[in-house]
file coords35.csv (CSV, C-alpha atoms and all ligand atoms)
chain,number,residue,atom,x,y,z
A,15,MET,CA,-21.2,0.7,2.0
A,16,TRP,CA,-17.8,2.0,2.9
A,17,LEU,CA,-16.7,3.5,6.2
A,18,TYR,CA,-14.0,6.1,6.4
A,19,GLU,CA,-11.5,5.9,9.3
A,20,LYS,CA,-9.7,9.1,10.3
A,21,LYS,CA,-6.3,7.3,10.3
A,22,LEU,CA,-3.6,6.6,7.7
A,23,GLN,CA,-2.8,2.9,7.2
A,24,TYR,CA,0.9,3.8,7.7
A,25,PRO,CA,2.5,6.8,9.4
A,26,VAL,CA,3.6,8.7,6.3
A,27,LYS,CA,6.5,11.1,6.7
A,28,VAL,CA,8.2,13.5,4.3
A,29,SER,CA,11.5,15.1,5.2
A,30,THR,CA,11.9,17.8,2.5
A,31,CYS,CA,9.7,20.4,0.7
A,32,ASN,CA,10.3,18.9,-2.7
A,33,PRO,CA,7.6,19.4,-5.3
A,34,MET,CA,9.7,17.6,-7.9
A,35,LEU,CA,9.0,14.3,-6.1
A,36,ALA,CA,5.3,15.1,-6.1
A,37,LYS,CA,5.5,15.3,-9.9
A,38,PHE,CA,6.8,11.7,-10.1
A,39,LEU,CA,4.6,10.4,-7.3
A,40,VAL,CA,1.4,11.4,-9.0
A,41,GLU,CA,1.9,8.4,-11.3
A,42,GLN,CA,0.7,6.3,-8.4
A,43,TYR,CA,-2.3,8.6,-7.8
A,44,GLY,CA,-3.8,8.9,-11.3
A,45,GLY,CA,-1.6,6.7,-13.5
A,46,ALA,CA,-2.5,3.4,-15.2
A,47,ASP,CA,-1.0,1.2,-12.5
A,48,GLY,CA,-1.7,3.6,-9.7
A,49,GLU,CA,-3.8,3.2,-6.5
A,50,LEU,CA,-7.0,4.7,-7.9
A,51,ALA,CA,-6.9,2.3,-10.9
A,52,ALA,CA,-6.2,-0.6,-8.6
A,53,ALA,CA,-9.1,0.1,-6.2
A,54,LEU,CA,-11.6,0.6,-9.0
A,55,ARG,CA,-10.3,-2.4,-11.0
A,56,TYR,CA,-10.9,-4.9,-8.1
A,57,LEU,CA,-14.0,-3.4,-6.7
A,58,ASN,CA,-15.6,-3.4,-10.2
A,59,GLN,CA,-14.5,-7.0,-11.0
A,60,ARG,CA,-16.0,-8.4,-7.8
A,61,TYR,CA,-19.6,-8.4,-9.2
A,62,THR,CA,-18.9,-11.0,-11.8
A,63,ILE,CA,-16.3,-13.2,-10.2
A,64,PRO,CA,-17.0,-16.6,-8.4
A,65,ASP,CA,-18.2,-16.2,-4.8
A,66,LYS,CA,-15.0,-17.8,-3.4
A,67,VAL,CA,-12.9,-14.8,-4.3
A,68,ILE,CA,-15.3,-11.9,-3.8
A,69,GLY,CA,-14.1,-11.3,-0.3
A,70,LEU,CA,-10.5,-11.0,-1.4
A,71,LEU,CA,-11.3,-8.5,-4.2
A,72,THR,CA,-13.4,-6.4,-1.8
A,73,ASP,CA,-10.7,-6.3,0.8
A,74,ILE,CA,-7.7,-5.6,-1.5
A,75,GLY,CA,-9.8,-3.0,-3.3
A,76,THR,CA,-10.6,-1.3,0.0
A,77,GLU,CA,-6.9,-1.4,1.0
A,78,GLU,CA,-6.0,0.3,-2.3
A,79,PHE,CA,-8.1,3.3,-1.2
A,80,ALA,CA,-6.0,3.5,2.0
A,81,HIS,CA,-2.9,3.5,-0.3
A,82,LEU,CA,-4.5,6.2,-2.4
A,83,GLU,CA,-4.8,8.3,0.7
A,84,MET,CA,-1.2,7.7,1.6
A,85,ILE,CA,0.0,8.8,-1.8
A,86,ALA,CA,-2.3,11.9,-1.6
A,87,THR,CA,-0.7,12.7,1.8
A,88,MET,CA,2.8,12.5,0.4
A,89,ILE,CA,1.9,14.8,-2.6
A,90,TYR,CA,0.1,17.1,-0.2
A,91,LYS,CA,3.1,17.4,2.1
A,92,LEU,CA,5.6,17.7,-0.7
A,93,THR,CA,3.8,20.6,-2.3
A,94,LYS,CA,2.2,22.3,0.7
A,95,ASP,CA,3.5,25.9,1.0
A,96,ALA,CA,5.6,25.6,-2.1
A,97,THR,CA,5.8,28.9,-3.9
A,98,PRO,CA,4.8,29.3,-7.5
A,99,GLU,CA,8.5,29.7,-8.3
A,100,GLN,CA,9.3,26.4,-6.6
A,101,MET,CA,6.4,24.7,-8.5
A,102,LYS,CA,7.9,26.1,-11.7
A,103,GLN,CA,11.4,24.9,-10.9
A,104,ALA,CA,10.0,21.4,-10.2
A,105,GLY,CA,8.4,21.2,-13.6
A,106,LEU,CA,4.9,21.7,-12.2
A,107,ASP,CA,4.3,24.9,-14.0
A,108,ALA,CA,1.6,23.4,-16.2
A,109,HIS,CA,0.0,21.8,-13.2
A,110,TYR,CA,0.1,25.0,-11.3
A,111,ALA,CA,-1.4,27.0,-14.1
A,112,ASN,CA,-4.5,24.7,-14.1
A,113,HIS,CA,-4.7,23.5,-10.5
A,114,ASP,CA,-2.6,25.6,-8.1
A,115,SER,CA,-1.5,22.9,-5.7
A,116,ALA,CA,-4.7,20.9,-5.9
A,117,LEU,CA,-4.3,17.2,-6.5
A,118,PHE,CA,-5.7,15.8,-9.7
A,119,TYR,CA,-6.1,12.3,-11.1
A,120,HIS,CA,-3.5,12.3,-13.8
A,121,ASN,CA,-0.2,10.5,-14.3
A,122,ALA,CA,3.4,11.9,-14.1
A,123,ALA,CA,3.1,13.1,-17.7
A,124,GLY,CA,-0.1,15.0,-17.0
A,125,VAL,CA,-2.4,12.6,-18.8
A,126,PRO,CA,-5.8,12.5,-17.0
A,127,TRP,CA,-7.0,9.2,-15.5
A,128,THR,CA,-9.2,7.1,-17.8
A,129,ALA,CA,-11.3,4.0,-17.3
A,130,SER,CA,-9.5,2.3,-20.1
A,131,TYR,CA,-6.7,1.7,-17.6
A,132,ILE,CA,-8.7,-1.0,-15.9
A,133,ALA,CA,-9.9,-4.2,-17.6
A,134,ALA,CA,-12.9,-6.3,-16.8
A,135,LYS,CA,-13.2,-9.3,-19.1
A,136,GLY,CA,-15.8,-11.2,-17.0
A,137,ASP,CA,-13.6,-14.3,-17.3
A,138,PRO,CA,-12.3,-15.1,-13.8
A,139,ILE,CA,-8.9,-16.3,-14.9
A,140,ALA,CA,-8.3,-13.5,-17.3
A,141,ASP,CA,-9.4,-10.9,-14.7
A,142,LEU,CA,-7.2,-12.4,-11.9
A,143,TYR,CA,-4.2,-12.6,-14.2
A,144,GLU,CA,-4.9,-8.9,-15.1
A,145,ASP,CA,-4.8,-8.2,-11.3
A,146,ILE,CA,-1.5,-10.1,-10.8
A,147,ALA,CA,0.0,-8.1,-13.6
A,148,ALA,CA,-1.3,-4.9,-12.2
A,149,GLU,CA,0.3,-5.6,-8.9
A,150,GLU,CA,3.7,-6.4,-10.5
A,151,LYS,CA,3.5,-3.2,-12.5
A,152,ALA,CA,2.6,-1.2,-9.5
A,153,ARG,CA,5.6,-2.8,-7.6
A,154,ALA,CA,7.9,-1.9,-10.5
A,155,THR,CA,6.6,1.7,-10.6
A,156,TYR,CA,7.4,2.1,-6.9
A,157,GLN,CA,10.9,0.8,-7.6
A,158,TRP,CA,11.5,3.5,-10.3
A,159,ILE,CA,10.1,6.2,-8.1
A,160,ILE,CA,12.3,5.1,-5.2
A,161,ASN,CA,15.3,5.1,-7.6
A,162,MET,CA,14.6,8.8,-8.3
A,163,SER,CA,13.9,9.9,-4.7
A,164,ASP,CA,16.6,10.9,-2.2
A,165,ASP,CA,14.1,11.6,0.6
A,166,PRO,CA,14.6,8.7,3.1
A,167,ASP,CA,11.3,9.3,5.0
A,168,LEU,CA,9.3,9.3,1.8
A,169,ASN,CA,11.1,6.2,0.6
A,170,ASP,CA,10.1,4.4,3.8
A,171,GLY,CA,6.5,4.9,2.9
A,172,LEU,CA,7.1,4.0,-0.7
A,173,ARG,CA,8.9,0.8,0.3
A,174,TYR,CA,5.9,-0.1,2.5
A,175,LEU,CA,3.6,0.4,-0.5
A,176,ARG,CA,5.8,-1.7,-2.8
A,177,GLU,CA,5.8,-4.5,-0.2
A,178,ARG,CA,2.0,-4.4,-0.2
A,179,GLU,CA,1.9,-5.1,-3.9
A,180,ILE,CA,4.0,-8.2,-3.3
A,181,ILE,CA,1.4,-9.4,-0.8
A,182,HIS,CA,-1.5,-8.5,-3.1
A,183,SER,CA,0.1,-10.4,-6.0
A,184,GLN,CA,0.5,-13.4,-3.7
A,185,ARG,CA,-3.1,-13.4,-2.7
A,186,PHE,CA,-4.3,-13.1,-6.3
A,187,ARG,CA,-2.1,-16.0,-7.2
A,188,GLU,CA,-3.8,-18.0,-4.4
A,189,ALA,CA,-7.2,-16.9,-5.8
A,190,VAL,CA,-6.2,-18.5,-9.1
A,191,GLU,CA,-5.3,-21.7,-7.4
A,192,ILE,CA,-8.6,-21.7,-5.6
A,193,LEU,CA,-10.5,-21.3,-8.9
A,194,LYS,CA,-8.4,-24.0,-10.5
A,195,ASP,CA,-9.4,-26.5,-7.7
A,196,GLU,CA,-12.1,-29.0,-8.7
A,197,GLN,CA,-15.4,-28.1,-7.3
A,198,GLY,CA,-16.1,-29.5,-3.9
A,199,LYS,CA,-12.5,-30.7,-3.5
A,200,LYS,CA,-11.2,-29.7,-0.1
A,201,ARG,CA,-7.9,-28.1,0.2
A,202,ILE,CA,-5.5,-30.0,2.5
A,203,PHE,CA,-2.5,-28.5,4.0
B,25,MET,CA,22.2,-8.2,-2.3
B,26,SER,CA,18.9,-9.9,-1.7
B,27,THR,CA,18.5,-13.3,-3.3
B,28,HIS,CA,15.4,-11.9,-5.0
B,29,ARG,CA,17.3,-10.0,-7.6
B,30,ARG,CA,18.5,-11.4,-10.9
B,31,VAL,CA,21.1,-10.0,-13.1
B,32,TRP,CA,21.5,-9.9,-16.9
B,33,TYR,CA,24.2,-8.4,-19.2
B,34,PRO,CA,23.0,-6.3,-22.0
B,35,TYR,CA,25.0,-6.2,-25.3
B,36,ALA,CA,27.2,-3.1,-25.4
B,37,SER,CA,28.0,-1.8,-28.9
B,38,PRO,CA,31.2,0.2,-29.4
B,39,PHE,CA,28.9,2.8,-30.9
B,40,ASP,CA,26.5,3.2,-28.0
B,41,PRO,CA,26.6,6.9,-27.0
B,42,CYS,CA,26.1,6.6,-23.2
B,43,PRO,CA,28.7,4.8,-21.1
B,44,PRO,CA,27.4,1.2,-21.0
B,45,ILE,CA,25.7,-0.3,-17.9
B,46,THR,CA,27.2,-3.7,-18.2
B,47,ALA,CA,25.0,-5.5,-15.6
B,48,LYS,CA,21.3,-4.8,-15.1
B,49,THR,CA,19.3,-6.3,-12.3
B,50,TYR,CA,15.6,-6.9,-11.9
B,51,SER,CA,13.4,-8.0,-9.0
B,52,THR,CA,11.9,-11.5,-8.6
B,53,PRO,CA,9.9,-11.1,-5.4
B,54,PRO,CA,9.1,-14.0,-3.0
B,55,ASN,CA,5.5,-14.3,-4.3
B,56,LEU,CA,6.9,-15.9,-7.4
B,57,PHE,CA,8.3,-18.8,-5.5
B,58,LEU,CA,6.1,-19.6,-2.5
B,59,GLY,CA,3.0,-21.1,-4.1
B,60,PHE,CA,-0.1,-21.3,-1.9
B,61,GLN,CA,1.1,-19.9,1.5
B,62,PRO,CA,1.4,-22.7,4.0
B,63,PRO,CA,0.1,-22.1,7.6
B,64,ASN,CA,2.1,-21.1,10.6
B,65,LEU,CA,4.9,-19.2,8.8
B,66,GLU,CA,7.1,-17.1,11.0
B,67,GLN,CA,5.7,-13.6,11.7
B,68,PHE,CA,7.1,-10.2,12.5
B,69,THR,CA,6.0,-8.4,15.6
B,70,PRO,CA,3.1,-6.1,14.8
B,71,MET,CA,5.3,-3.0,14.8
B,72,GLN,CA,7.9,-4.6,12.6
B,73,ALA,CA,5.1,-5.9,10.3
B,74,LEU,CA,3.8,-2.3,10.0
B,75,ARG,CA,7.3,-1.0,9.2
B,76,THR,CA,8.1,-3.7,6.6
B,77,GLY,CA,4.6,-4.0,5.0
B,78,THR,CA,4.3,-7.7,5.6
B,79,LEU,CA,3.2,-9.8,8.6
B,80,TRP,CA,5.2,-12.8,7.4
B,81,LYS,CA,9.0,-12.7,7.1
B,82,VAL,CA,9.1,-14.8,4.1
B,83,PHE,CA,7.6,-12.0,1.9
B,84,TYR,CA,10.0,-9.3,3.1
B,85,ASP,CA,12.0,-8.1,0.1
B,86,PRO,CA,12.7,-4.3,0.4
B,87,TRP,CA,13.8,-2.1,-2.5
B,88,TYR,CA,16.4,0.6,-1.9
B,89,SER,CA,17.5,3.3,-4.3
B,90,PRO,CA,21.1,3.0,-5.3
B,91,TYR,CA,21.4,6.7,-4.3
B,92,GLU,CA,20.0,6.5,-0.8
B,93,ALA,CA,22.1,5.5,2.2
B,94,PRO,CA,20.4,2.7,4.3
B,95,ARG,CA,19.6,3.9,7.8
B,96,ASP,CA,19.5,2.0,11.2
B,97,GLY,CA,16.6,-0.3,11.4
B,98,ASP,CA,16.1,-0.4,7.7
B,99,HIS,CA,17.2,-4.1,7.6
B,100,ILE,CA,15.3,-6.1,10.1
C,30,MET,CA,-6.2,24.1,15.3
C,31,LYS,CA,-5.4,21.9,18.3
C,32,GLN,CA,-1.9,20.5,18.5
C,33,LEU,CA,-1.8,16.9,19.6
C,34,PRO,CA,0.4,15.7,22.5
C,35,GLN,CA,3.5,13.7,21.6
C,36,GLU,CA,2.0,10.5,23.1
C,37,PHE,CA,-0.8,10.7,20.5
C,38,TYR,CA,1.6,9.8,17.7
C,39,ALA,CA,3.0,6.8,19.5
C,40,THR,CA,-0.5,5.5,20.3
C,41,MET,CA,-1.6,6.1,16.8
C,42,GLU,CA,1.3,4.0,15.5
C,43,GLN,CA,0.3,1.2,17.9
C,44,LEU,CA,-3.2,1.2,16.4
C,45,GLN,CA,-1.7,1.3,12.9
C,46,ALA,CA,0.4,-1.7,13.8
C,47,VAL,CA,-2.5,-3.7,15.3
C,48,ASP,CA,-4.7,-2.8,12.4
C,49,PHE,CA,-2.0,-3.8,9.9
C,50,VAL,CA,-1.9,-7.3,11.4
C,51,LEU,CA,-5.7,-7.3,11.0
C,52,VAL,CA,-5.5,-6.3,7.3
C,53,GLU,CA,-2.8,-9.0,6.7
C,54,LEU,CA,-4.8,-11.7,8.5
C,55,THR,CA,-8.0,-10.6,6.6
C,56,LEU,CA,-6.4,-11.1,3.2
C,57,TYR,CA,-4.8,-14.3,4.4
C,58,LEU,CA,-8.1,-15.7,5.7
C,59,ASP,CA,-9.8,-14.7,2.4
C,60,THR,CA,-7.7,-17.5,0.8
C,61,HIS,CA,-7.2,-19.7,3.9
C,62,PRO,CA,-10.7,-19.8,5.5
C,63,ASP,CA,-9.9,-23.0,7.5
C,64,ASP,CA,-6.8,-21.8,9.4
C,65,TYR,CA,-8.0,-22.1,13.0
C,66,GLU,CA,-5.0,-20.5,14.6
C,67,ALA,CA,-5.0,-17.5,12.2
C,68,ILE,CA,-8.7,-16.9,13.1
C,69,ASN,CA,-7.8,-17.1,16.8
C,70,GLN,CA,-5.0,-14.5,16.3
C,71,PHE,CA,-7.5,-12.4,14.2
C,72,ASN,CA,-10.0,-12.3,17.0
C,73,GLN,CA,-7.4,-11.5,19.6
C,74,PHE,CA,-6.2,-8.5,17.6
C,75,ALA,CA,-9.8,-7.4,16.9
C,76,LYS,CA,-10.2,-7.2,20.7
C,77,GLU,CA,-7.0,-5.2,21.1
C,78,ARG,CA,-8.0,-2.7,18.4
C,79,LYS,CA,-11.2,-2.0,20.2
C,80,ARG,CA,-9.2,-1.1,23.3
C,81,LEU,CA,-6.8,1.1,21.3
C,82,LYS,CA,-9.7,2.8,19.5
C,83,LYS,CA,-11.0,4.0,22.8
C,84,VAL,CA,-7.6,5.3,24.0
C,85,ILE,CA,-7.1,7.3,20.8
C,86,GLU,CA,-10.6,8.7,20.7
C,87,SER,CA,-10.1,10.1,24.2
C,88,THR,CA,-7.5,12.6,22.8
C,89,TYR,CA,-8.2,12.7,19.1
C,90,GLY,CA,-12.0,12.5,18.9
C,91,PRO,CA,-14.0,10.0,16.8
C,92,LEU,CA,-12.1,7.8,14.4
C,93,GLN,CA,-15.2,6.8,12.5
C,94,GLN,CA,-18.6,8.3,12.1
C,95,TYR,CA,-22.0,7.4,10.9
C,96,GLY,CA,-22.5,6.2,14.4
C,97,ASN,CA,-19.5,3.9,14.6
C,98,SER,CA,-18.0,6.2,17.2
C,99,TYR,CA,-19.8,8.3,19.9
C,100,SER,CA,-19.8,12.1,19.4
C,101,GLY,CA,-18.7,14.7,21.9
C,102,TYR,CA,-20.5,18.1,22.3
C,103,PRO,CA,-20.4,20.0,20.1
C,104,TRP,CA,-20.2,17.6,17.1
C,105,ASN,CA,-16.4,16.8,16.9
C,106,TRP,CA,-16.1,14.6,13.8
C,107,ASN,CA,-15.0,17.6,11.8
C,108,ASP,CA,-12.2,18.6,14.2
C,109,GLY,CA,-8.8,18.5,12.7
C,110,PRO,CA,-6.1,17.8,12.1
C,111,TRP,CA,-7.1,15.2,9.5
C,112,PRO,CA,-4.7,12.3,8.8
C,113,TRP,CA,-2.9,13.9,5.9
C,114,GLN,CA,-2.3,17.0,8.0
C,115,LEU,CA,-0.9,15.4,11.1
D,1,FE,FE,-2.0,-3.4,-4.6
call {"tool": "encode", "arguments": {"input": "coords35.csv", "output": "structure tokens", "more": "lines below"}}
Ligand SMILES: [Fe+2]
result
Amino acid sequence: MWLYEKKLQYPVKVSTCNPMLAKFLVEQYGGADGELAAALRYLNQRYTIPDKVIGLLTDIGTEEFAHLEMIATMIYKLTKDATPEQMKQAGLDAHYANHDSALFYHNAAGVPWTASYIAAKGDPIADLYEDIAAEEKARATYQWIINMSDDPDLNDGLRYLREREIIHSQRFREAVEILKDEQGKKRIF
Amino acid sequence: MSTHRRVWYPYASPFDPCPPITAKTYSTPPNLFLGFQPPNLEQFTPMQALRTGTLWKVFYDPWYSPYEAPRDGDHI
Amino acid sequence: MKQLPQEFYATMEQLQAVDFVLVELTLYLDTHPDDYEAINQFNQFAKERKRLKKVIESTYGPLQQYGNSYSGYPWNWNDGPWPWQL
């Protein structure tokens, strides 16, 4: 089972009421390489992957939910108390018409989240390479969002999340090495 | 600039409508180079680790927007 | 809704820092199960997080539920502010 902890993984801060940034940021909420897709991808793959890497998929998948909550916090803060007029000016008129300021799992272009964003081939190497690629794509997405954002506090949190993708990619690369090792051979440092 | 950026020079046609960006950069983060992480690598303090997003210094490779001014403490 | 004292934010950040070290060591140990020193460090930090959890819960209320924290009276799990509201 999972346990919720009433605590963000990182102290998220947002300095300006800027719904426009929320419009971009939702890419990491309900987009193809976003945090929801990441969490569901890894937690789904772990049922059919060799035992040696189940722990890693479980733990990274769980951390992705913490990141999802950070993104949600950023979007919540960026749009909280924004007037319909401000939402309109930020290009969130279509979102507002359907959702008010409710969060929704869609990408920056408004396309709803779909399970076809996540692959599960059942082949350990194919799945781990998929995961490595997903981490690099998420890292790149954070770069493009940071490039468009002038909110220094928000960018702090986004930089943190981007750095996490680097670490996750590193661990998935190590998982590939573990599976490449001959059975029973002990790893020597 | 961090050593984890690479640069390339796209072809610029005299007929390109936008002013050409002559040099483009991309990120090549540390995870591409380290291989299997060796033990006992140098660590950040817990508070620095939280701020940077990595416990081990070797992985630290922050990304800044060209439009944001770096602040004190941004570069550890 | 209750306003939290300024110290709360600093203590919360300490817990976030300690927990972050634990997340990092967890992922590292998932691929390096034989690193004795890293396991020692992990266990030390696990102890420290227990201590900080108690400190935080004394002002903020339970961090976890389903019985992983004690409850005050009346039931205080639902007391805000929640993490995204802070
Ligand atoms: Fe990730």
call {"tool": "closest_residue", "arguments": {"input": "coords35.csv", "among": "A:Glu41, A:Asp165, A:Asp141, A:Glu49", "to": "Arg178 (chain A)", "atoms": "all atoms listed in the file"}}
result
A:Glu49
call {"tool": "residues_near_ligand", "arguments": {"input": "coords35.csv", "ligand": "ligand FE 1 (chain D)", "cutoff": "10 Å", "atoms": "only C-alpha atoms and all ligand atoms", "output": "ChimeraX atom specification"}}
result
/A:47-49,51-53,56,74-79,81,145-146,148-153,175-183
call {"tool": "write_last_selection", "arguments": {"input": "coords35.csv", "atoms": "C-alpha atoms", "output": "PDB file, keeping the file's coordinate frame"}}
result
ATOM      1  CA  ASP A  47      -1.000   1.200 -12.500  1.00  0.00           C
ATOM      2  CA  GLY A  48      -1.700   3.600  -9.700  1.00  0.00           C
ATOM      3  CA  GLU A  49      -3.800   3.200  -6.500  1.00  0.00           C
ATOM      4  CA  ALA A  51      -6.900   2.300 -10.900  1.00  0.00           C
ATOM      5  CA  ALA A  52      -6.200  -0.600  -8.600  1.00  0.00           C
ATOM      6  CA  ALA A  53      -9.100   0.100  -6.200  1.00  0.00           C
ATOM      7  CA  TYR A  56     -10.900  -4.900  -8.100  1.00  0.00           C
ATOM      8  CA  ILE A  74      -7.700  -5.600  -1.500  1.00  0.00           C
ATOM      9  CA  GLY A  75      -9.800  -3.000  -3.300  1.00  0.00           C
ATOM     10  CA  THR A  76     -10.600  -1.300   0.000  1.00  0.00           C
ATOM     11  CA  GLU A  77      -6.900  -1.400   1.000  1.00  0.00           C
ATOM     12  CA  GLU A  78      -6.000   0.300  -2.300  1.00  0.00           C
ATOM     13  CA  PHE A  79      -8.100   3.300  -1.200  1.00  0.00           C
ATOM     14  CA  HIS A  81      -2.900   3.500  -0.300  1.00  0.00           C
ATOM     15  CA  ASP A 145      -4.800  -8.200 -11.300  1.00  0.00           C
ATOM     16  CA  ILE A 146      -1.500 -10.100 -10.800  1.00  0.00           C
ATOM     17  CA  ALA A 148      -1.300  -4.900 -12.200  1.00  0.00           C
ATOM     18  CA  GLU A 149       0.300  -5.600  -8.900  1.00  0.00           C
ATOM     19  CA  GLU A 150       3.700  -6.400 -10.500  1.00  0.00           C
ATOM     20  CA  LYS A 151       3.500  -3.200 -12.500  1.00  0.00           C
ATOM     21  CA  ALA A 152       2.600  -1.200  -9.500  1.00  0.00           C
ATOM     22  CA  ARG A 153       5.600  -2.800  -7.600  1.00  0.00           C
ATOM     23  CA  LEU A 175       3.600   0.400  -0.500  1.00  0.00           C
ATOM     24  CA  ARG A 176       5.800  -1.700  -2.800  1.00  0.00           C
ATOM     25  CA  GLU A 177       5.800  -4.500  -0.200  1.00  0.00           C
ATOM     26  CA  ARG A 178       2.000  -4.400  -0.200  1.00  0.00           C
ATOM     27  CA  GLU A 179       1.900  -5.100  -3.900  1.00  0.00           C
ATOM     28  CA  ILE A 180       4.000  -8.200  -3.300  1.00  0.00           C
ATOM     29  CA  ILE A 181       1.400  -9.400  -0.800  1.00  0.00           C
ATOM     30  CA  HIS A 182      -1.500  -8.500  -3.100  1.00  0.00           C
ATOM     31  CA  SER A 183       0.100 -10.400  -6.000  1.00  0.00           C
TER      32      SER A 183
END
call {"tool": "interface_residues", "arguments": {"input": "coords35.csv", "of": "chain B", "to": "chain A", "cutoff": "12 Å", "atoms": "only C-alpha atoms", "output": "JSON, numbers by chain"}}
result
{"B": [49, 50, 51, 52, 53, 54, 55, 56, 57, 58, 59, 60, 61, 62, 63, 64, 71, 72, 73, 74, 75, 76, 77, 78, 79, 80, 81, 82, 83, 84, 85, 86, 87, 88, 89, 90, 91, 92, 93, 94, 95, 96, 97, 98, 99]}
call {"tool": "atom_distance", "arguments": {"input": "coords35.csv", "atom1": "CA of Ala39 (chain C)", "atom2": "CA of Arg80 (chain C)"}}
result
15.0 Å
call {"tool": "interface_residues", "arguments": {"input": "coords35.csv", "of": "chain C", "to": "chain A", "cutoff": "12 Å", "atoms": "only C-alpha atoms", "output": "VMD selection string"}}
result
chain C and resid 38 to 64 82 85 to 86 89 to 98 106 to 115
call {"tool": "atom_distance", "arguments": {"input": "coords35.csv", "atom1": "CA of Leu117 (chain A)", "atom2": "CA of Ser29 (chain A)"}}
result
19.8 Å
call {"tool": "closest_residue", "arguments": {"input": "coords35.csv", "among": "C:Gln32, C:Tyr65, C:Phe37, C:Pro103", "to": "chain B", "atoms": "only C-alpha atoms"}}
result
C:Tyr65
call {"tool": "atom_distance", "arguments": {"input": "coords35.csv", "atom1": "CA of Leu193 (chain A)", "atom2": "CA of Pro64 (chain A)"}}
result
8.0 Å
call {"tool": "closest_residue", "arguments": {"input": "coords35.csv", "among": "C:Gln70, C:Asn105, C:Ser100, C:Ser87", "to": "chain B", "atoms": "only C-alpha atoms"}}
result
C:Gln70
call {"tool": "closest_residue", "arguments": {"input": "coords35.csv", "among": "C:Glu66, C:Thr88, C:Asn72, C:Leu81", "to": "chain B", "atoms": "all atoms listed in the file"}}
result
C:Glu66
call {"tool": "closest_residue", "arguments": {"input": "coords35.csv", "among": "C:Glu36, C:Lys31, C:Glu77, C:Ala67", "to": "chain B", "atoms": "only C-alpha atoms"}}
result
C:Ala67
call {"tool": "residues_near_point", "arguments": {"input": "coords35.csv", "point": "(-0.8, 10.2, -18.3)", "cutoff": "8 Å", "atoms": "all atoms listed in the file", "output": "ChimeraX atom specification"}}
result
/A:41,44-46,120-127
